[in-house]
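Undergrad: One structure coming up, written as structure tokens, with questions to follow.
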Amino acid sequence: MPAIPITVAAVTELPLDYEDEHVHRVYDQIASHFSSTRYKPWPIIAKFLSEIPTGWVGLDSGTGNGKYLPLPLDRPSSIWTIGLDRSRNLLEIARTAGVQGGPREVVWGDVLGQGWRSGSFDYAISIATIHHLSTPERRTLAIQRLLECVSPSHGRVLVYVWAMQQDELSKRAIPAIGDPSSSRVEDPSPKTGVDVFVPWVLASQPQDKKQSEGHSRNLIAKKRAEESVQHDGVGTDAPSQVFNRYYHMFAEGELEELVVRAAQGLGLKVGSHNEGVSEGHTSGVAVVQNGWERSNYFVELRRWQN
Amino acid sequence: MVRLITHNLLACHVKGCTRNNFPLLFENVQIEIQESDFNPDFLRNFMPKLEWKALVDAARQLGDTSLPLEQPEMVDEEFLKALHHVLLEIHVMEGAMVCQNCKHVYPISNGIPNMLLAEHEIG
Ligand SMILES: [Zn+2]
């Protein structure tokens with residue numbers, strides 16, 4: 001497969017209109033093909049979900065094709081993850097994700113909305129979603145929504161975003177402007193990433209045989225989603241089309257900065273429970289772990305209160 | 001799907017609608033009953049987090065009167081089976097959920113609730 005060219009994007013319109021055109025509409029149109037390539041859970045996310053106690057209920061904000069909704073597979077229906085997404089066509093796929101446990105619970109909504117009782121979830125995950133928001137303010141708000149939707153005393157949050165620092169095995173070619181390891185050494189690497197378009201090529205035959213083999217369990221759902229895609233005029237018989245998805249690629253340290261800004265905006269102390277209490281704080285959020293995995297930055301948070 | 005487990009979490013989020021915005025009321029609903037795996041440990045641990053009255057009222061709205069008005073202190077198998085059925089086996093496939101306070105209508109279509117708001121409704 002040839003390198004996929006990524007181009008620099010400039011956010012010129014109102015953020016909402018911009019994301020509508022360059023994120024939401026794209027996912028609605030590429031839903032079934034996109035889903036057929038996204039079926040393997042990432043290890044850190046699978047581990048996070050495997051450690052959630054039985055009886056907890058969580059939100060997958062930006063669930064896409066719902067691949068995390070059936071987890072953990074060794075304890076089916078011991079926890080319930082409710083999937084939220086902006087793309088109706090992806091939700092049609094998500095609602096039947098996984099072979100075990102029957103249909104999933106999914107909600108059509110925006111990651112910046114708050115259509116739930118505050119603090120009613122025990123955990124929340126946001127995987128490869130916040131990088132589709134086109135301003136720092138909206139990305140901060142998205143983190144705040146995650147912190148608000150979980151329990152103030154024990155809520156756990158896991159966030160994954162796309163990193164400028166790419167895996168060696170990644171097929172993606174990053175535009176020079178966004179390459180942190182390039183010659184721009186004198187630049188003290190400000191913690192702002194880069195806005196890019198990542199193309200998605202919807203071939204005339206999106207479901208070649210090879211792709212379908214490993215995950216035939218989603219075939220019915222895929223078929224259903226394809227039908228709805230076809231209603232939009234982009235189906236299996238249409239010629240190849242390129243859709244440019246908007247991404248904000250995160251710089252190193254930018255995600256942690258975003259978390260701090262989000263938490264402070266909610267009046268939450270960022271730090272461990274013990275540390276916070278000794279300083280006289282009554283509620284806060286601890287950073288359990290953060291790091292880089294497979295071309296993504298991640299951060300795991302835990303809320304605490306006295 | 002809108003099952004009552006999800007309904008018990010959803011609230012109206014129209015700008016300025018912060019009181020009496022939970023629970024949403026069902027309207028013109030079509031339901032389907034679909035069996036799901038019974039997990040008593042999940043139910044026991046999840047129970048304390050439920051808004052019980054909202055759950056009982058919603059179940060009655062959907063024609064199920066199996067749950068007592070007060071959450072029982074003694075939890076037996078029979079009760080857990082009833083709770084399991086109400087929470088996880090009644091699927092609202094079509095219809096709407098309406099906010100008691102601002103009357104905003106959240107449509108449900110093909111089992112998926114639409115919680116999106118128009119730009120001017122976002123808080
Ligand atoms: Zn309302």
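Please note that chains go A, B, ... in the order of the structure tokens, that every chain numbers its residues from 1, and that ligands are numbered from 1 in the order shown.
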Can you tell me which residues sit at most 12 Å away from ligand 1, counting only C-alpha atoms and all ligand atoms, written as a ChimeraX atom specification?
TA: /A:114-116 /B:10-25,97-106,115,117,121-123
Undergrad: For chain B, list the residues within 7 Å of chain A, counting only C-alpha atoms, and write the list as a list in words.
TA: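 The selection requested is Met1, Val2, Leu9, Leu10, Ala11, Cys12, His13, Ser36, Asp37, Asn39, Asp41, Phe42, Leu43, Asn45, Phe46, Ile112, Pro113, Asn114, Met115 and Leu116 of chain B.
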Undergrad: Output all heavy atoms of each residue in that selection to a file, as a compact mmCIF listing (two decimals), in the first residue's frame.
TA:
```txt
# COMPACT_ATOMS: atom_id res chain seq x y z
N MET B 1 -30.50 1.04 20.74
CA MET B 1 -31.65 0.61 21.53
C MET B 1 -31.84 1.59 22.67
O MET B 1 -30.88 2.04 23.27
CB MET B 1 -31.39 -0.75 22.19
CG MET B 1 -30.80 -1.77 21.26
SD MET B 1 -32.01 -2.43 20.18
CE MET B 1 -31.06 -2.64 18.71
N VAL B 2 -33.07 1.87 22.97
CA VAL B 2 -33.28 2.55 24.24
C VAL B 2 -33.88 1.52 25.19
O VAL B 2 -35.05 1.19 25.10
CB VAL B 2 -34.22 3.75 24.13
CG1 VAL B 2 -34.26 4.49 25.45
CG2 VAL B 2 -33.77 4.68 23.02
N LEU B 9 -30.29 7.06 32.65
CA LEU B 9 -29.12 7.94 32.65
C LEU B 9 -29.36 9.23 31.86
O LEU B 9 -28.73 10.25 32.10
CB LEU B 9 -27.92 7.21 32.03
CG LEU B 9 -27.45 5.94 32.73
CD1 LEU B 9 -26.60 5.09 31.81
CD2 LEU B 9 -26.68 6.27 34.00
N LEU B 10 -30.24 9.16 30.86
CA LEU B 10 -30.44 10.29 29.96
C LEU B 10 -31.21 11.42 30.63
O LEU B 10 -32.15 11.19 31.40
CB LEU B 10 -31.20 9.85 28.70
CG LEU B 10 -30.48 8.85 27.79
CD1 LEU B 10 -31.42 8.41 26.66
CD2 LEU B 10 -29.22 9.48 27.20
N ALA B 11 -30.82 12.66 30.32
CA ALA B 11 -31.53 13.83 30.84
C ALA B 11 -31.56 14.89 29.74
O ALA B 11 -30.73 14.87 28.83
CB ALA B 11 -30.81 14.38 32.07
N CYS B 12 -32.53 15.79 29.83
CA CYS B 12 -32.62 16.88 28.84
C CYS B 12 -31.42 17.82 29.03
O CYS B 12 -31.03 18.12 30.14
CB CYS B 12 -33.91 17.65 29.02
SG CYS B 12 -34.09 19.00 27.83
N HIS B 13 -30.83 18.25 27.90
CA HIS B 13 -29.68 19.16 28.01
C HIS B 13 -29.85 20.40 27.14
O HIS B 13 -28.87 20.98 26.67
CB HIS B 13 -28.36 18.44 27.74
CG HIS B 13 -28.25 17.79 26.38
ND1 HIS B 13 -27.11 17.89 25.61
CD2 HIS B 13 -29.11 17.03 25.66
CE1 HIS B 13 -27.28 17.20 24.48
NE2 HIS B 13 -28.48 16.68 24.49
N SER B 36 -31.91 -11.26 27.07
CA SER B 36 -30.47 -11.01 27.17
C SER B 36 -29.90 -11.76 28.36
O SER B 36 -30.64 -12.19 29.25
CB SER B 36 -30.21 -9.50 27.25
OG SER B 36 -30.09 -9.07 28.57
N ASP B 37 -28.56 -11.93 28.35
CA ASP B 37 -27.90 -12.74 29.39
C ASP B 37 -28.15 -12.18 30.78
O ASP B 37 -27.93 -11.00 31.03
CB ASP B 37 -26.39 -12.80 29.13
CG ASP B 37 -26.05 -13.49 27.83
OD1 ASP B 37 -26.93 -14.23 27.33
OD2 ASP B 37 -24.95 -13.28 27.31
N ASN B 39 -27.23 -11.54 34.45
CA ASN B 39 -26.00 -11.45 35.25
C ASN B 39 -26.34 -10.82 36.61
O ASN B 39 -26.35 -9.60 36.75
CB ASN B 39 -24.95 -10.62 34.50
CG ASN B 39 -23.61 -10.61 35.22
OD1 ASN B 39 -23.55 -10.65 36.45
ND2 ASN B 39 -22.53 -10.57 34.46
N ASP B 41 -24.76 -10.56 39.40
CA ASP B 41 -23.73 -9.73 40.04
C ASP B 41 -23.74 -8.31 39.49
O ASP B 41 -23.59 -7.34 40.22
CB ASP B 41 -22.33 -10.34 39.81
CG ASP B 41 -22.16 -11.64 40.57
OD1 ASP B 41 -22.88 -11.81 41.58
OD2 ASP B 41 -21.34 -12.47 40.15
N PHE B 42 -23.93 -8.21 38.16
CA PHE B 42 -24.04 -6.88 37.58
C PHE B 42 -25.19 -6.12 38.22
O PHE B 42 -25.05 -4.97 38.64
CB PHE B 42 -24.26 -6.97 36.05
CG PHE B 42 -24.64 -5.64 35.46
CD1 PHE B 42 -23.67 -4.69 35.17
CD2 PHE B 42 -25.98 -5.30 35.23
CE1 PHE B 42 -24.02 -3.44 34.67
CE2 PHE B 42 -26.33 -4.06 34.73
CZ PHE B 42 -25.35 -3.14 34.45
N LEU B 43 -26.34 -6.78 38.32
CA LEU B 43 -27.54 -6.11 38.83
C LEU B 43 -27.36 -5.68 40.28
O LEU B 43 -27.70 -4.55 40.64
CB LEU B 43 -28.75 -7.05 38.69
CG LEU B 43 -29.13 -7.39 37.26
CD1 LEU B 43 -30.11 -8.55 37.23
CD2 LEU B 43 -29.72 -6.18 36.54
N ASN B 45 -24.66 -4.94 41.94
CA ASN B 45 -23.74 -3.81 42.07
C ASN B 45 -24.27 -2.54 41.43
O ASN B 45 -23.94 -1.44 41.85
CB ASN B 45 -22.37 -4.16 41.46
CG ASN B 45 -21.67 -5.27 42.21
OD1 ASN B 45 -22.04 -5.58 43.35
ND2 ASN B 45 -20.68 -5.86 41.59
N PHE B 46 -25.07 -2.70 40.39
CA PHE B 46 -25.58 -1.53 39.67
C PHE B 46 -26.76 -0.89 40.40
O PHE B 46 -26.96 0.32 40.33
CB PHE B 46 -25.96 -1.93 38.24
CG PHE B 46 -26.55 -0.82 37.42
CD1 PHE B 46 -25.82 0.36 37.21
CD2 PHE B 46 -27.81 -0.92 36.86
CE1 PHE B 46 -26.35 1.40 36.45
CE2 PHE B 46 -28.35 0.12 36.10
CZ PHE B 46 -27.62 1.27 35.90
N ILE B 112 -32.59 3.83 18.11
CA ILE B 112 -31.53 4.77 18.45
C ILE B 112 -32.13 6.13 18.84
O ILE B 112 -32.83 6.75 18.04
CB ILE B 112 -30.55 4.94 17.27
CG1 ILE B 112 -29.91 3.59 16.93
CG2 ILE B 112 -29.47 5.98 17.60
CD1 ILE B 112 -28.97 3.61 15.74
N PRO B 113 -31.88 6.59 20.06
CA PRO B 113 -32.41 7.89 20.48
C PRO B 113 -31.56 9.03 19.90
O PRO B 113 -30.35 8.91 19.83
CB PRO B 113 -32.27 7.86 22.00
CG PRO B 113 -31.11 6.95 22.26
CD PRO B 113 -31.10 5.94 21.13
N ASN B 114 -32.22 10.09 19.50
CA ASN B 114 -31.52 11.25 18.95
C ASN B 114 -31.41 12.33 20.03
O ASN B 114 -32.37 13.03 20.31
CB ASN B 114 -32.28 11.77 17.73
CG ASN B 114 -31.61 12.98 17.12
OD1 ASN B 114 -30.62 13.49 17.65
ND2 ASN B 114 -32.14 13.45 16.00
N MET B 115 -30.22 12.44 20.61
CA MET B 115 -29.99 13.43 21.68
C MET B 115 -29.29 14.68 21.15
O MET B 115 -28.86 15.53 21.92
CB MET B 115 -29.15 12.81 22.81
CG MET B 115 -29.80 11.64 23.53
SD MET B 115 -31.38 12.04 24.34
CE MET B 115 -30.81 13.05 25.73
N LEU B 116 -29.17 14.79 19.82
CA LEU B 116 -28.55 15.99 19.23
C LEU B 116 -29.47 17.19 19.42
O LEU B 116 -30.68 17.07 19.38
CB LEU B 116 -28.33 15.78 17.72
CG LEU B 116 -27.20 14.84 17.29
CD1 LEU B 116 -27.33 14.54 15.81
CD2 LEU B 116 -25.85 15.46 17.60
```
Undergrad: I want to know what sits within 10 Å of Gly64 (chain A), based on only C-alpha atoms, with residues of the same chain fewer than 5 positions away left out; could you give that as an NGL selection string?
TA: :A and (27 or 31 or 34-35 or 38 or 83-94 or 127-129)
Undergrad: Can you list every residue in region 78-127 of chain A that DSSP puts in strand (DSSP E), as a PyMOL selection string?
TA: chain A and resi 80-85+106-108+123-127
Undergrad: Could you save those same residues with N, CA and C atoms as a PDB file, in the first residue's frame?
TA:
```
ATOM      1  N   TRP A  80     -21.671  -2.393  31.516  1.00  0.00           N
ATOM      2  CA  TRP A  80     -22.383  -1.922  30.331  1.00  0.00           C
ATOM      3  C   TRP A  80     -21.756  -0.643  29.839  1.00  0.00           C
ATOM      4  N   THR A  81     -21.279  -0.662  28.600  1.00  0.00           N
ATOM      5  CA  THR A  81     -20.749   0.546  28.003  1.00  0.00           C
ATOM      6  C   THR A  81     -21.756   1.041  26.960  1.00  0.00           C
ATOM      7  N   ILE A  82     -22.180   2.289  27.118  1.00  0.00           N
ATOM      8  CA  ILE A  82     -23.152   2.884  26.202  1.00  0.00           C
ATOM      9  C   ILE A  82     -22.399   3.733  25.184  1.00  0.00           C
ATOM     10  N   GLY A  83     -22.670   3.484  23.914  1.00  0.00           N
ATOM     11  CA  GLY A  83     -21.924   4.158  22.849  1.00  0.00           C
ATOM     12  C   GLY A  83     -22.624   5.421  22.372  1.00  0.00           C
ATOM     13  N   LEU A  84     -21.856   6.493  22.262  1.00  0.00           N
ATOM     14  CA  LEU A  84     -22.385   7.756  21.750  1.00  0.00           C
ATOM     15  C   LEU A  84     -21.596   8.140  20.509  1.00  0.00           C
ATOM     16  N   ASP A  85     -22.280   8.564  19.458  1.00  0.00           N
ATOM     17  CA  ASP A  85     -21.558   9.039  18.279  1.00  0.00           C
ATOM     18  C   ASP A  85     -22.391  10.035  17.514  1.00  0.00           C
ATOM     19  N   VAL A 106     -26.814   2.315  22.149  1.00  0.00           N
ATOM     20  CA  VAL A 106     -26.133   3.429  21.496  1.00  0.00           C
ATOM     21  C   VAL A 106     -27.025   4.660  21.467  1.00  0.00           C
ATOM     22  N   VAL A 107     -26.393   5.813  21.481  1.00  0.00           N
ATOM     23  CA  VAL A 107     -27.103   7.096  21.516  1.00  0.00           C
ATOM     24  C   VAL A 107     -26.516   7.999  20.437  1.00  0.00           C
ATOM     25  N   TRP A 108     -27.401   8.630  19.676  1.00  0.00           N
ATOM     26  CA  TRP A 108     -26.966   9.588  18.654  1.00  0.00           C
ATOM     27  C   TRP A 108     -26.803  10.939  19.337  1.00  0.00           C
ATOM     28  N   TYR A 123     -17.501   5.213  34.423  1.00  0.00           N
ATOM     29  CA  TYR A 123     -16.287   5.393  33.619  1.00  0.00           C
ATOM     30  C   TYR A 123     -16.677   5.943  32.255  1.00  0.00           C
ATOM     31  N   ALA A 124     -15.690   6.511  31.585  1.00  0.00           N
ATOM     32  CA  ALA A 124     -15.918   7.020  30.237  1.00  0.00           C
ATOM     33  C   ALA A 124     -14.651   6.830  29.428  1.00  0.00           C
ATOM     34  N   ILE A 125     -14.810   6.461  28.154  1.00  0.00           N
ATOM     35  CA  ILE A 125     -13.649   6.408  27.268  1.00  0.00           C
ATOM     36  C   ILE A 125     -13.910   7.296  26.059  1.00  0.00           C
ATOM     37  N   SER A 126     -12.858   7.896  25.559  1.00  0.00           N
ATOM     38  CA  SER A 126     -12.932   8.725  24.365  1.00  0.00           C
ATOM     39  C   SER A 126     -11.744   8.348  23.506  1.00  0.00           C
ATOM     40  N   ILE A 127     -12.003   7.507  22.508  1.00  0.00           N
ATOM     41  CA  ILE A 127     -10.922   6.920  21.721  1.00  0.00           C
ATOM     42  C   ILE A 127     -10.926   7.517  20.316  1.00  0.00           C
TER      43      ILE A 127
END
```
Undergrad: Among the residues of chain B, find those DSSP assigns to alpha helix (DSSP H) from the backbone and print them as a PyMOL selection string.
TA: chain B and resi 4-7+40-46+52-61+77-88
Undergrad: Could you please determine the separation between CA of Val75 (chain B) and CA of Phe26 (chain B) in Å, to one decimal place?
TA: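 These atoms are spaced 28.1 Å apart.
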Undergrad: With distances taken over only C-alpha atoms, which residue among A:Val299, A:Val194, A:Val201, A:Leu73 lies nearest His248 (chain A)?
TA: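 The answer is A:Val194, which sits nearest to His248 (chain A).
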Undergrad: For region 49-66 of chain B, find every residue with an atom within 7 Å (counting only C-alpha atoms), except residues of its own chain fewer than 3 positions away, and show them as a PyMOL selection string.
TA: chain B and resi 4+8+23+46+69+71+82+86
Undergrad: By how many Å are CA of His7 (chain B) and CA of Lys40 (chain A) apart?
TA: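 Result for CA of His7 (chain B) versus CA of Lys40 (chain A): 29.5 Å, one decimal.
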Undergrad: If we count only C-alpha atoms, what is near Glu252 (chain A) at a cut-off of 10 Å, once residues fewer than 2 positions away on the same chain are taken out, given as a ChimeraX atom specification?
TA: /A:163-165,180,189-193,249-250,254-257,291-292,297
Undergrad: Could those residues be written to a file, using all heavy atoms, as a short mmCIF file (atom, residue, chain, number, x, y, z; two decimals), in the first residue's frame?
TA:
```cif
data_model
loop_
_atom_site.label_atom_id
_atom_site.label_comp_id
_atom_site.auth_asym_id
_atom_site.auth_seq_id
_atom_site.Cartn_x
_atom_site.Cartn_y
_atom_site.Cartn_z
N ALA A 163 -1.26 11.25 17.56
CA ALA A 163 -0.03 11.97 17.88
C ALA A 163 0.75 12.37 16.63
O ALA A 163 0.70 11.67 15.61
CB ALA A 163 0.87 11.09 18.75
N MET A 164 1.45 13.51 16.73
CA MET A 164 2.37 13.88 15.66
C MET A 164 3.50 12.87 15.56
O MET A 164 4.05 12.62 14.50
CB MET A 164 2.93 15.28 15.93
CG MET A 164 1.96 16.39 15.56
SD MET A 164 2.38 17.97 16.31
CE MET A 164 3.89 18.35 15.47
N GLN A 165 3.84 12.30 16.72
CA GLN A 165 4.88 11.28 16.76
C GLN A 165 4.28 9.96 16.28
O GLN A 165 3.50 9.32 16.99
CB GLN A 165 5.38 11.16 18.20
CG GLN A 165 6.58 10.27 18.37
CD GLN A 165 6.84 9.98 19.84
OE1 GLN A 165 6.24 10.57 20.73
NE2 GLN A 165 7.74 9.06 20.09
N PRO A 180 7.86 16.59 14.33
CA PRO A 180 8.62 17.10 15.47
C PRO A 180 10.10 16.72 15.40
O PRO A 180 10.93 17.35 16.01
CB PRO A 180 7.94 16.45 16.67
CG PRO A 180 7.27 15.24 16.13
CD PRO A 180 6.94 15.53 14.70
N SER A 189 9.56 23.51 20.55
CA SER A 189 8.40 22.63 20.47
C SER A 189 7.22 23.08 21.34
O SER A 189 6.98 22.55 22.41
CB SER A 189 8.83 21.21 20.87
OG SER A 189 7.75 20.46 21.30
N PRO A 190 6.54 24.11 20.88
CA PRO A 190 5.36 24.56 21.62
C PRO A 190 4.34 23.43 21.66
O PRO A 190 4.29 22.60 20.75
CB PRO A 190 4.85 25.73 20.78
CG PRO A 190 5.36 25.49 19.41
CD PRO A 190 6.66 24.77 19.57
N LYS A 191 3.56 23.37 22.72
CA LYS A 191 2.65 22.24 22.87
C LYS A 191 1.37 22.45 22.07
O LYS A 191 0.27 22.39 22.60
CB LYS A 191 2.36 22.00 24.34
CG LYS A 191 3.55 21.38 25.05
CD LYS A 191 3.33 21.30 26.52
CE LYS A 191 4.61 20.80 27.21
NZ LYS A 191 4.55 20.99 28.64
N THR A 192 1.54 22.77 20.81
CA THR A 192 0.39 22.82 19.94
C THR A 192 0.65 21.92 18.75
O THR A 192 1.72 21.96 18.15
CB THR A 192 0.13 24.26 19.42
OG1 THR A 192 1.36 24.77 18.90
CG2 THR A 192 -0.38 25.15 20.52
N GLY A 193 -0.30 21.10 18.45
CA GLY A 193 -0.14 20.16 17.36
C GLY A 193 -0.36 20.83 16.03
O GLY A 193 -0.17 22.03 15.88
N MET A 249 -3.56 16.81 15.00
CA MET A 249 -2.54 15.88 15.51
C MET A 249 -1.88 16.51 16.72
O MET A 249 -1.38 17.63 16.65
CB MET A 249 -1.49 15.61 14.43
CG MET A 249 -2.03 14.86 13.24
SD MET A 249 -0.75 14.71 11.96
CE MET A 249 0.08 13.24 12.51
N PHE A 250 -1.87 15.77 17.83
CA PHE A 250 -1.39 16.33 19.10
C PHE A 250 0.13 16.32 19.20
O PHE A 250 0.79 15.36 18.78
CB PHE A 250 -1.98 15.53 20.27
CG PHE A 250 -3.36 15.97 20.65
CD1 PHE A 250 -4.43 15.76 19.81
CD2 PHE A 250 -3.59 16.62 21.86
CE1 PHE A 250 -5.72 16.16 20.16
CE2 PHE A 250 -4.86 17.03 22.23
CZ PHE A 250 -5.93 16.80 21.37
N GLU A 254 0.71 17.97 24.89
CA GLU A 254 -0.49 18.79 24.65
C GLU A 254 -1.72 18.20 25.32
O GLU A 254 -2.56 18.93 25.85
CB GLU A 254 -0.71 18.94 23.15
CG GLU A 254 -1.81 19.94 22.79
CD GLU A 254 -2.01 20.06 21.28
OE1 GLU A 254 -1.29 19.39 20.51
OE2 GLU A 254 -2.90 20.84 20.88
N LEU A 255 -1.83 16.87 25.31
CA LEU A 255 -3.00 16.24 25.91
C LEU A 255 -3.04 16.49 27.42
O LEU A 255 -4.10 16.79 27.98
CB LEU A 255 -2.99 14.74 25.60
CG LEU A 255 -4.18 13.92 26.14
CD1 LEU A 255 -5.51 14.45 25.60
CD2 LEU A 255 -4.03 12.44 25.79
N GLU A 256 -1.88 16.38 28.09
CA GLU A 256 -1.82 16.63 29.54
C GLU A 256 -2.20 18.08 29.83
O GLU A 256 -2.90 18.35 30.81
CB GLU A 256 -0.43 16.34 30.09
CG GLU A 256 -0.07 14.86 30.14
CD GLU A 256 0.32 14.32 28.76
OE1 GLU A 256 1.19 14.92 28.11
OE2 GLU A 256 -0.27 13.31 28.32
N GLU A 257 -1.71 18.98 28.99
CA GLU A 257 -2.04 20.39 29.17
C GLU A 257 -3.55 20.62 29.07
O GLU A 257 -4.13 21.39 29.82
CB GLU A 257 -1.33 21.21 28.09
CG GLU A 257 -0.36 22.22 28.63
CD GLU A 257 0.33 22.98 27.50
OE1 GLU A 257 -0.34 23.42 26.53
OE2 GLU A 257 1.55 23.11 27.58
N GLY A 291 0.85 8.43 28.20
CA GLY A 291 1.95 7.95 27.38
C GLY A 291 1.61 7.93 25.92
O GLY A 291 0.67 8.61 25.48
N TRP A 292 2.36 7.16 25.20
CA TRP A 292 2.24 7.08 23.75
C TRP A 292 2.13 5.61 23.37
O TRP A 292 2.86 4.77 23.90
CB TRP A 292 3.49 7.70 23.11
CG TRP A 292 3.53 7.68 21.62
CD1 TRP A 292 3.09 8.67 20.78
CD2 TRP A 292 4.07 6.65 20.78
NE1 TRP A 292 3.31 8.31 19.48
CE2 TRP A 292 3.91 7.08 19.44
CE3 TRP A 292 4.65 5.40 21.02
CZ2 TRP A 292 4.31 6.32 18.36
CZ3 TRP A 292 5.06 4.63 19.93
CH2 TRP A 292 4.90 5.09 18.61
N TYR A 297 -1.36 9.44 21.62
CA TYR A 297 -1.15 9.77 23.03
C TYR A 297 -2.39 9.35 23.81
O TYR A 297 -3.51 9.43 23.30
CB TYR A 297 -0.92 11.27 23.22
CG TYR A 297 0.40 11.74 22.67
CD1 TYR A 297 0.46 12.69 21.66
CD2 TYR A 297 1.60 11.21 23.16
CE1 TYR A 297 1.68 13.11 21.14
CE2 TYR A 297 2.82 11.62 22.65
CZ TYR A 297 2.85 12.57 21.64
OH TYR A 297 4.05 12.98 21.14
#
```
Undergrad: Just the number, please: distance in Å from CA of Val150 (chain A) to CA of Leu87 (chain B), one decimal.
TA: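 Distance reported for this atom pair: 20.2 Å.
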Undergrad: Given the choices B:His120, B:Arg3, B:Pro48, B:Ala96, which gets closest to Pro72 (chain B) if the distance is worked out from only C-alpha atoms?
TA: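 Ranked by minimum distance to Pro72 (chain B), first place goes to B:Pro48.
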Undergrad: Can you pull out every residue within 12 Å of Glu293 (chain A), counting only C-alpha atoms, but drop anything in the same chain fewer than 4 positions away, and send it as a ChimeraX atom specification?
TA: /A:42-45,159-168,170,297-299
